[in-house]
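Trainee: Got data_26.txt for you, compact mmCIF, N, CA and C atoms:
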# COMPACT_ATOMS: atom_id res chain seq x y z
N MET A 1 -33.41 18.03 32.07
CA MET A 1 -32.70 17.08 31.25
C MET A 1 -33.66 16.25 30.41
N ASN A 2 -34.87 16.00 30.88
CA ASN A 2 -35.82 15.19 30.11
C ASN A 2 -36.23 15.86 28.81
N TRP A 3 -36.36 17.19 28.81
CA TRP A 3 -36.76 17.86 27.58
C TRP A 3 -35.64 17.83 26.55
N VAL A 4 -34.38 17.85 27.00
CA VAL A 4 -33.25 17.73 26.08
C VAL A 4 -33.23 16.34 25.47
N LYS A 5 -33.45 15.36 26.30
CA LYS A 5 -33.49 13.97 25.84
C LYS A 5 -34.63 13.78 24.84
N ALA A 6 -35.79 14.32 25.14
CA ALA A 6 -36.94 14.21 24.24
C ALA A 6 -36.67 14.91 22.92
N LEU A 7 -36.03 16.07 22.97
CA LEU A 7 -35.69 16.80 21.75
C LEU A 7 -34.69 16.02 20.90
N LEU A 8 -33.72 15.39 21.53
CA LEU A 8 -32.74 14.59 20.79
C LEU A 8 -33.39 13.36 20.16
N VAL A 9 -34.28 12.70 20.88
CA VAL A 9 -34.95 11.53 20.33
C VAL A 9 -35.87 11.94 19.18
N LEU A 10 -36.55 13.06 19.32
CA LEU A 10 -37.37 13.58 18.23
C LEU A 10 -36.50 13.94 17.02
N SER A 11 -35.32 14.48 17.27
CA SER A 11 -34.39 14.78 16.19
C SER A 11 -33.97 13.51 15.47
N CYS A 12 -33.83 12.43 16.20
CA CYS A 12 -33.50 11.14 15.58
C CYS A 12 -34.62 10.71 14.63
N LEU A 13 -35.86 10.91 15.02
CA LEU A 13 -37.00 10.59 14.16
C LEU A 13 -36.98 11.46 12.90
N LEU A 14 -36.75 12.74 13.07
CA LEU A 14 -36.72 13.64 11.93
C LEU A 14 -35.56 13.31 10.98
N LEU A 15 -34.42 12.94 11.53
CA LEU A 15 -33.29 12.55 10.69
C LEU A 15 -33.57 11.23 9.97
N GLY A 16 -34.26 10.31 10.62
CA GLY A 16 -34.64 9.06 9.96
C GLY A 16 -35.58 9.32 8.80
N TYR A 17 -36.52 10.24 8.99
CA TYR A 17 -37.44 10.60 7.92
C TYR A 17 -36.69 11.32 6.79
N ALA A 18 -35.77 12.21 7.15
CA ALA A 18 -34.99 12.92 6.13
C ALA A 18 -34.12 11.93 5.35
N ASP A 19 -33.60 10.92 6.02
CA ASP A 19 -32.82 9.90 5.32
C ASP A 19 -33.70 9.12 4.36
N LEU A 20 -34.90 8.82 4.79
CA LEU A 20 -35.85 8.10 3.93
C LEU A 20 -36.19 8.92 2.68
N VAL A 21 -36.47 10.19 2.86
CA VAL A 21 -36.85 11.05 1.73
C VAL A 21 -35.68 11.25 0.78
N THR A 22 -34.49 11.52 1.33
CA THR A 22 -33.35 11.75 0.46
C THR A 22 -32.91 10.47 -0.24
N THR A 23 -33.01 9.34 0.43
CA THR A 23 -32.68 8.06 -0.22
C THR A 23 -33.66 7.78 -1.35
N ASP A 24 -34.93 8.06 -1.12
CA ASP A 24 -35.93 7.86 -2.17
C ASP A 24 -35.63 8.75 -3.38
N GLU A 25 -35.21 9.99 -3.12
CA GLU A 25 -34.85 10.89 -4.22
C GLU A 25 -33.63 10.36 -4.98
N ILE A 26 -32.66 9.83 -4.27
CA ILE A 26 -31.49 9.26 -4.91
C ILE A 26 -31.87 8.08 -5.79
N LEU A 27 -32.78 7.26 -5.30
CA LEU A 27 -33.24 6.12 -6.11
C LEU A 27 -33.98 6.59 -7.36
N HIS A 28 -34.75 7.66 -7.23
CA HIS A 28 -35.45 8.21 -8.40
C HIS A 28 -34.48 8.82 -9.41
N LEU A 29 -33.32 9.25 -8.94
CA LEU A 29 -32.31 9.81 -9.84
C LEU A 29 -31.52 8.72 -10.56
N GLY A 30 -31.77 7.47 -10.20
CA GLY A 30 -31.08 6.36 -10.85
C GLY A 30 -29.84 5.88 -10.13
N LEU A 31 -29.54 6.45 -9.00
CA LEU A 31 -28.41 6.00 -8.19
C LEU A 31 -28.87 4.87 -7.29
N GLY A 32 -27.96 4.24 -6.59
CA GLY A 32 -28.31 3.08 -5.76
C GLY A 32 -28.05 3.32 -4.29
N GLU A 33 -28.53 2.40 -3.50
CA GLU A 33 -28.35 2.41 -2.05
C GLU A 33 -26.99 1.80 -1.73
N LEU A 34 -26.24 2.44 -0.82
CA LEU A 34 -24.92 1.92 -0.44
C LEU A 34 -24.98 0.98 0.76
N ASN A 35 -25.98 1.13 1.61
CA ASN A 35 -26.11 0.30 2.80
C ASN A 35 -26.56 -1.10 2.38
N PRO A 36 -25.76 -2.13 2.66
CA PRO A 36 -26.13 -3.48 2.22
C PRO A 36 -27.43 -3.99 2.85
N PHE A 37 -27.72 -3.58 4.08
CA PHE A 37 -28.96 -4.02 4.72
C PHE A 37 -30.18 -3.40 4.03
N MET A 38 -30.07 -2.14 3.67
CA MET A 38 -31.18 -1.49 2.97
C MET A 38 -31.28 -2.00 1.53
N GLN A 39 -30.16 -2.38 0.91
CA GLN A 39 -30.22 -3.01 -0.41
C GLN A 39 -31.02 -4.30 -0.34
N LEU A 40 -30.76 -5.08 0.72
CA LEU A 40 -31.49 -6.32 0.92
C LEU A 40 -32.97 -6.06 1.17
N ALA A 41 -33.26 -5.05 1.97
CA ALA A 41 -34.66 -4.69 2.24
C ALA A 41 -35.35 -4.23 0.96
N GLN A 42 -34.65 -3.48 0.13
CA GLN A 42 -35.24 -3.03 -1.14
C GLN A 42 -35.47 -4.19 -2.08
N ALA A 43 -34.57 -5.17 -2.06
CA ALA A 43 -34.74 -6.35 -2.92
C ALA A 43 -35.90 -7.21 -2.44
N TRP A 44 -36.05 -7.37 -1.14
CA TRP A 44 -37.11 -8.22 -0.60
C TRP A 44 -38.47 -7.56 -0.60
N PHE A 45 -38.53 -6.29 -0.20
CA PHE A 45 -39.80 -5.62 0.00
C PHE A 45 -40.24 -4.74 -1.16
N GLY A 46 -39.36 -4.50 -2.11
CA GLY A 46 -39.72 -3.65 -3.25
C GLY A 46 -40.02 -2.23 -2.80
N VAL A 47 -41.19 -1.73 -3.22
CA VAL A 47 -41.54 -0.35 -2.87
C VAL A 47 -41.83 -0.18 -1.38
N TRP A 48 -41.99 -1.26 -0.65
CA TRP A 48 -42.27 -1.20 0.78
C TRP A 48 -40.99 -1.24 1.63
N TRP A 49 -39.84 -0.93 1.02
CA TRP A 49 -38.58 -0.95 1.76
C TRP A 49 -38.55 0.07 2.88
N LEU A 50 -39.44 1.06 2.81
CA LEU A 50 -39.45 2.09 3.85
C LEU A 50 -39.95 1.56 5.19
N VAL A 51 -40.68 0.45 5.19
CA VAL A 51 -41.18 -0.11 6.46
C VAL A 51 -40.03 -0.57 7.35
N PRO A 52 -39.08 -1.41 6.85
CA PRO A 52 -37.97 -1.75 7.74
C PRO A 52 -37.07 -0.57 8.07
N LYS A 53 -36.98 0.41 7.15
CA LYS A 53 -36.17 1.60 7.41
C LYS A 53 -36.75 2.38 8.59
N LEU A 54 -38.05 2.62 8.56
CA LEU A 54 -38.68 3.34 9.68
C LEU A 54 -38.70 2.48 10.93
N GLY A 55 -38.84 1.17 10.77
CA GLY A 55 -38.80 0.28 11.93
C GLY A 55 -37.46 0.35 12.64
N LEU A 56 -36.39 0.40 11.87
CA LEU A 56 -35.06 0.53 12.46
C LEU A 56 -34.91 1.88 13.16
N THR A 57 -35.48 2.92 12.58
CA THR A 57 -35.45 4.24 13.22
C THR A 57 -36.16 4.21 14.56
N PHE A 58 -37.31 3.53 14.63
CA PHE A 58 -38.04 3.45 15.90
C PHE A 58 -37.29 2.61 16.93
N VAL A 59 -36.57 1.57 16.50
CA VAL A 59 -35.75 0.79 17.43
C VAL A 59 -34.64 1.66 18.01
N VAL A 60 -33.99 2.44 17.16
CA VAL A 60 -32.94 3.35 17.64
C VAL A 60 -33.52 4.36 18.61
N MET A 61 -34.69 4.91 18.28
CA MET A 61 -35.33 5.87 19.19
C MET A 61 -35.63 5.23 20.54
N TRP A 62 -36.12 4.01 20.54
CA TRP A 62 -36.44 3.31 21.78
C TRP A 62 -35.18 3.10 22.62
N LEU A 63 -34.09 2.68 21.95
CA LEU A 63 -32.84 2.48 22.68
C LEU A 63 -32.30 3.80 23.23
N LEU A 64 -32.43 4.87 22.45
CA LEU A 64 -31.98 6.17 22.94
C LEU A 64 -32.80 6.64 24.13
N TRP A 65 -34.09 6.38 24.09
CA TRP A 65 -34.95 6.82 25.20
C TRP A 65 -34.59 6.09 26.49
N ARG A 66 -34.13 4.86 26.37
CA ARG A 66 -33.76 4.08 27.56
C ARG A 66 -32.43 4.54 28.16
N SER A 67 -31.63 5.25 27.38
CA SER A 67 -30.32 5.71 27.86
C SER A 67 -30.50 6.89 28.81
N ASN A 68 -29.60 7.00 29.77
CA ASN A 68 -29.63 8.11 30.71
C ASN A 68 -28.52 9.13 30.46
N ASN A 69 -27.64 8.83 29.52
CA ASN A 69 -26.52 9.71 29.23
C ASN A 69 -26.85 10.57 28.01
N VAL A 70 -27.12 11.85 28.27
CA VAL A 70 -27.54 12.76 27.20
C VAL A 70 -26.42 12.96 26.18
N TYR A 71 -25.18 12.92 26.63
CA TYR A 71 -24.06 13.11 25.72
C TYR A 71 -23.96 11.96 24.71
N ASN A 72 -24.18 10.74 25.17
CA ASN A 72 -24.18 9.60 24.26
C ASN A 72 -25.35 9.66 23.28
N ILE A 73 -26.50 10.12 23.76
CA ILE A 73 -27.66 10.28 22.88
C ILE A 73 -27.35 11.31 21.81
N ALA A 74 -26.73 12.41 22.19
CA ALA A 74 -26.38 13.46 21.23
C ALA A 74 -25.37 12.94 20.22
N LEU A 75 -24.45 12.09 20.64
CA LEU A 75 -23.46 11.52 19.73
C LEU A 75 -24.14 10.62 18.70
N VAL A 76 -25.09 9.80 19.13
CA VAL A 76 -25.81 8.93 18.21
C VAL A 76 -26.65 9.75 17.24
N VAL A 77 -27.30 10.80 17.72
CA VAL A 77 -28.09 11.66 16.84
C VAL A 77 -27.19 12.35 15.82
N ALA A 78 -26.02 12.78 16.24
CA ALA A 78 -25.08 13.38 15.30
C ALA A 78 -24.64 12.36 14.25
N PHE A 79 -24.43 11.14 14.68
CA PHE A 79 -24.07 10.07 13.74
C PHE A 79 -25.21 9.79 12.76
N CYS A 80 -26.46 9.90 13.23
CA CYS A 80 -27.62 9.68 12.36
C CYS A 80 -27.76 10.76 11.30
N SER A 81 -27.13 11.90 11.51
CA SER A 81 -27.20 12.97 10.51
C SER A 81 -26.25 12.72 9.35
N THR A 82 -25.28 11.85 9.52
CA THR A 82 -24.28 11.60 8.47
C THR A 82 -24.88 11.10 7.17
N PRO A 83 -25.77 10.09 7.17
CA PRO A 83 -26.34 9.65 5.89
C PRO A 83 -27.17 10.73 5.20
N VAL A 84 -27.85 11.55 5.99
CA VAL A 84 -28.67 12.62 5.41
C VAL A 84 -27.77 13.63 4.70
N LEU A 85 -26.70 14.02 5.36
CA LEU A 85 -25.77 14.98 4.74
C LEU A 85 -25.13 14.38 3.49
N ASN A 86 -24.76 13.11 3.54
CA ASN A 86 -24.19 12.45 2.37
C ASN A 86 -25.20 12.40 1.22
N ASN A 87 -26.43 12.07 1.54
CA ASN A 87 -27.47 12.03 0.50
C ASN A 87 -27.70 13.40 -0.12
N LEU A 88 -27.70 14.43 0.71
CA LEU A 88 -27.88 15.78 0.17
C LEU A 88 -26.73 16.18 -0.75
N LEU A 89 -25.52 15.79 -0.41
CA LEU A 89 -24.38 16.06 -1.27
C LEU A 89 -24.50 15.31 -2.60
N LEU A 90 -24.96 14.07 -2.54
CA LEU A 90 -25.15 13.30 -3.78
C LEU A 90 -26.23 13.92 -4.66
N ILE A 91 -27.31 14.35 -4.04
CA ILE A 91 -28.40 14.98 -4.81
C ILE A 91 -27.91 16.29 -5.43
N ALA A 92 -27.19 17.07 -4.65
CA ALA A 92 -26.68 18.34 -5.18
C ALA A 92 -25.67 18.10 -6.30
N GLY A 93 -24.90 17.02 -6.22
CA GLY A 93 -23.92 16.73 -7.25
C GLY A 93 -24.52 16.27 -8.56
N THR A 94 -25.74 15.77 -8.54
CA THR A 94 -26.37 15.31 -9.77
C THR A 94 -27.07 16.44 -10.52
N ASN A 95 -27.27 17.56 -9.86
CA ASN A 95 -27.98 18.67 -10.52
C ASN A 95 -27.04 19.60 -11.20
Please go through the file and, once you have read it, give me the structure as structure tokens.
Mentor:
Amino acid sequence: MNWVKALLVLSCLLLGYADLVTTDEILHLGLGELNPFMQLAQAWFGVWWLVPKLGLTFVVMWLLWRSNNVYNIALVVAFCSTPVLNNLLLIAGTN
């Protein structure tokens, strides 16, 4: 069970990075961020908005690692894939 948990937490990190990359591409395309917290981070930190984004990803990973229920961890990881899929659809729609 520990290797499944580790794989899910690693997947959360990869999805956080994919969200960061796809959001950055969306910003380069001239579109905006929909998440109000990330809008605030982008306004305050400018080009360094990725620091709080990755920080939040590491907090989620830490909380997931503390959980003992693999099914709940999988549910959260599946939920973390939603922004990435949405961003990919937006990028594909602009081309």
Trainee: Considering all atoms listed in the file, give me a table of residues in stretch 20-83 of chain A that are at most 6 Å from stretch 6-15 of chain A, with the closest atom pair and distance in Å for each, as CSV.
Mentor:
residue,atom,partner,partner_atom,distance
A:Leu20,N,A:Leu15,C,5.9
A:Met61,CA,A:Val9,CA,5.8
A:Val77,CA,A:Cys12,CA,5.6
A:Cys80,C,A:Leu15,CA,5.8
Trainee: Using the chain letters and numbers from this document, which residues of chain A does DSSP assign to alpha helix (DSSP H), as a PyMOL selection string?
Mentor: chain A and resi 2-28+36-45+50-66+70-94
Trainee: Could you tell me how far atom C of A:Phe37 lies from atom N of A:Leu56, in Å and to one decimal?
Mentor: 10.7 Å
Trainee: Please compute the atom CA of A:Leu54-atom CA of A:Val70 distance, one decimal, in Å.
Mentor: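 About the pair atom CA of A:Leu54 and atom CA of A:Val70: they are 22.8 Å apart.
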Trainee: May I have the residues within 12 Å of A:Leu31 as a ChimeraX atom specification, using only C-alpha atoms and disregarding those fewer than 3 positions away in the same chain?
Mentor: /A:22-28,34,87,90-91,93-94
Trainee: Please complete stretch 54-69 of chain A so it has N, CA, C and O atoms, and hand it over as a PDB file, keeping the file's coordinate frame.
Mentor:
ATOM      1  N   LEU A  54     -38.050   2.620   8.560  1.00  0.00           N
ATOM      2  CA  LEU A  54     -38.680   3.340   9.680  1.00  0.00           C
ATOM      3  C   LEU A  54     -38.700   2.480  10.930  1.00  0.00           C
ATOM      4  O   LEU A  54     -38.593   2.999  12.045  1.00  0.00           O
ATOM      5  N   GLY A  55     -38.840   1.170  10.770  1.00  0.00           N
ATOM      6  CA  GLY A  55     -38.800   0.280  11.930  1.00  0.00           C
ATOM      7  C   GLY A  55     -37.460   0.350  12.640  1.00  0.00           C
ATOM      8  O   GLY A  55     -37.397   0.397  13.877  1.00  0.00           O
ATOM      9  N   LEU A  56     -36.390   0.400  11.870  1.00  0.00           N
ATOM     10  CA  LEU A  56     -35.060   0.530  12.460  1.00  0.00           C
ATOM     11  C   LEU A  56     -34.910   1.880  13.160  1.00  0.00           C
ATOM     12  O   LEU A  56     -34.313   1.971  14.234  1.00  0.00           O
ATOM     13  N   THR A  57     -35.480   2.920  12.580  1.00  0.00           N
ATOM     14  CA  THR A  57     -35.450   4.240  13.220  1.00  0.00           C
ATOM     15  C   THR A  57     -36.160   4.210  14.560  1.00  0.00           C
ATOM     16  O   THR A  57     -35.675   4.769  15.548  1.00  0.00           O
ATOM     17  N   PHE A  58     -37.310   3.530  14.630  1.00  0.00           N
ATOM     18  CA  PHE A  58     -38.040   3.450  15.900  1.00  0.00           C
ATOM     19  C   PHE A  58     -37.290   2.610  16.930  1.00  0.00           C
ATOM     20  O   PHE A  58     -37.339   2.910  18.125  1.00  0.00           O
ATOM     21  N   VAL A  59     -36.570   1.570  16.500  1.00  0.00           N
ATOM     22  CA  VAL A  59     -35.750   0.790  17.430  1.00  0.00           C
ATOM     23  C   VAL A  59     -34.640   1.660  18.010  1.00  0.00           C
ATOM     24  O   VAL A  59     -34.387   1.640  19.219  1.00  0.00           O
ATOM     25  N   VAL A  60     -33.990   2.440  17.160  1.00  0.00           N
ATOM     26  CA  VAL A  60     -32.940   3.350  17.640  1.00  0.00           C
ATOM     27  C   VAL A  60     -33.520   4.360  18.610  1.00  0.00           C
ATOM     28  O   VAL A  60     -32.923   4.650  19.661  1.00  0.00           O
ATOM     29  N   MET A  61     -34.690   4.910  18.280  1.00  0.00           N
ATOM     30  CA  MET A  61     -35.330   5.870  19.190  1.00  0.00           C
ATOM     31  C   MET A  61     -35.630   5.230  20.540  1.00  0.00           C
ATOM     32  O   MET A  61     -35.421   5.847  21.597  1.00  0.00           O
ATOM     33  N   TRP A  62     -36.120   4.010  20.540  1.00  0.00           N
ATOM     34  CA  TRP A  62     -36.440   3.310  21.780  1.00  0.00           C
ATOM     35  C   TRP A  62     -35.180   3.100  22.620  1.00  0.00           C
ATOM     36  O   TRP A  62     -35.182   3.329  23.840  1.00  0.00           O
ATOM     37  N   LEU A  63     -34.090   2.680  21.950  1.00  0.00           N
ATOM     38  CA  LEU A  63     -32.840   2.480  22.680  1.00  0.00           C
ATOM     39  C   LEU A  63     -32.300   3.800  23.230  1.00  0.00           C
ATOM     40  O   LEU A  63     -31.775   3.839  24.349  1.00  0.00           O
ATOM     41  N   LEU A  64     -32.430   4.870  22.450  1.00  0.00           N
ATOM     42  CA  LEU A  64     -31.980   6.170  22.940  1.00  0.00           C
ATOM     43  C   LEU A  64     -32.800   6.640  24.130  1.00  0.00           C
ATOM     44  O   LEU A  64     -32.263   7.228  25.070  1.00  0.00           O
ATOM     45  N   TRP A  65     -34.090   6.380  24.090  1.00  0.00           N
ATOM     46  CA  TRP A  65     -34.950   6.820  25.200  1.00  0.00           C
ATOM     47  C   TRP A  65     -34.590   6.090  26.490  1.00  0.00           C
ATOM     48  O   TRP A  65     -34.710   6.634  27.580  1.00  0.00           O
ATOM     49  N   ARG A  66     -34.130   4.860  26.370  1.00  0.00           N
ATOM     50  CA  ARG A  66     -33.760   4.080  27.560  1.00  0.00           C
ATOM     51  C   ARG A  66     -32.430   4.540  28.160  1.00  0.00           C
ATOM     52  O   ARG A  66     -32.138   4.255  29.310  1.00  0.00           O
ATOM     53  N   SER A  67     -31.630   5.250  27.380  1.00  0.00           N
ATOM     54  CA  SER A  67     -30.320   5.710  27.860  1.00  0.00           C
ATOM     55  C   SER A  67     -30.500   6.890  28.810  1.00  0.00           C
ATOM     56  O   SER A  67     -31.406   7.707  28.660  1.00  0.00           O
ATOM     57  N   ASN A  68     -29.600   7.000  29.770  1.00  0.00           N
ATOM     58  CA  ASN A  68     -29.630   8.110  30.710  1.00  0.00           C
ATOM     59  C   ASN A  68     -28.520   9.130  30.460  1.00  0.00           C
ATOM     60  O   ASN A  68     -28.475  10.158  31.107  1.00  0.00           O
ATOM     61  N   ASN A  69     -27.640   8.830  29.520  1.00  0.00           N
ATOM     62  CA  ASN A  69     -26.520   9.710  29.230  1.00  0.00           C
ATOM     63  C   ASN A  69     -26.850  10.570  28.010  1.00  0.00           C
ATOM     64  O   ASN A  69     -26.862  10.099  26.880  1.00  0.00           O
TER      65      ASN A  69
END
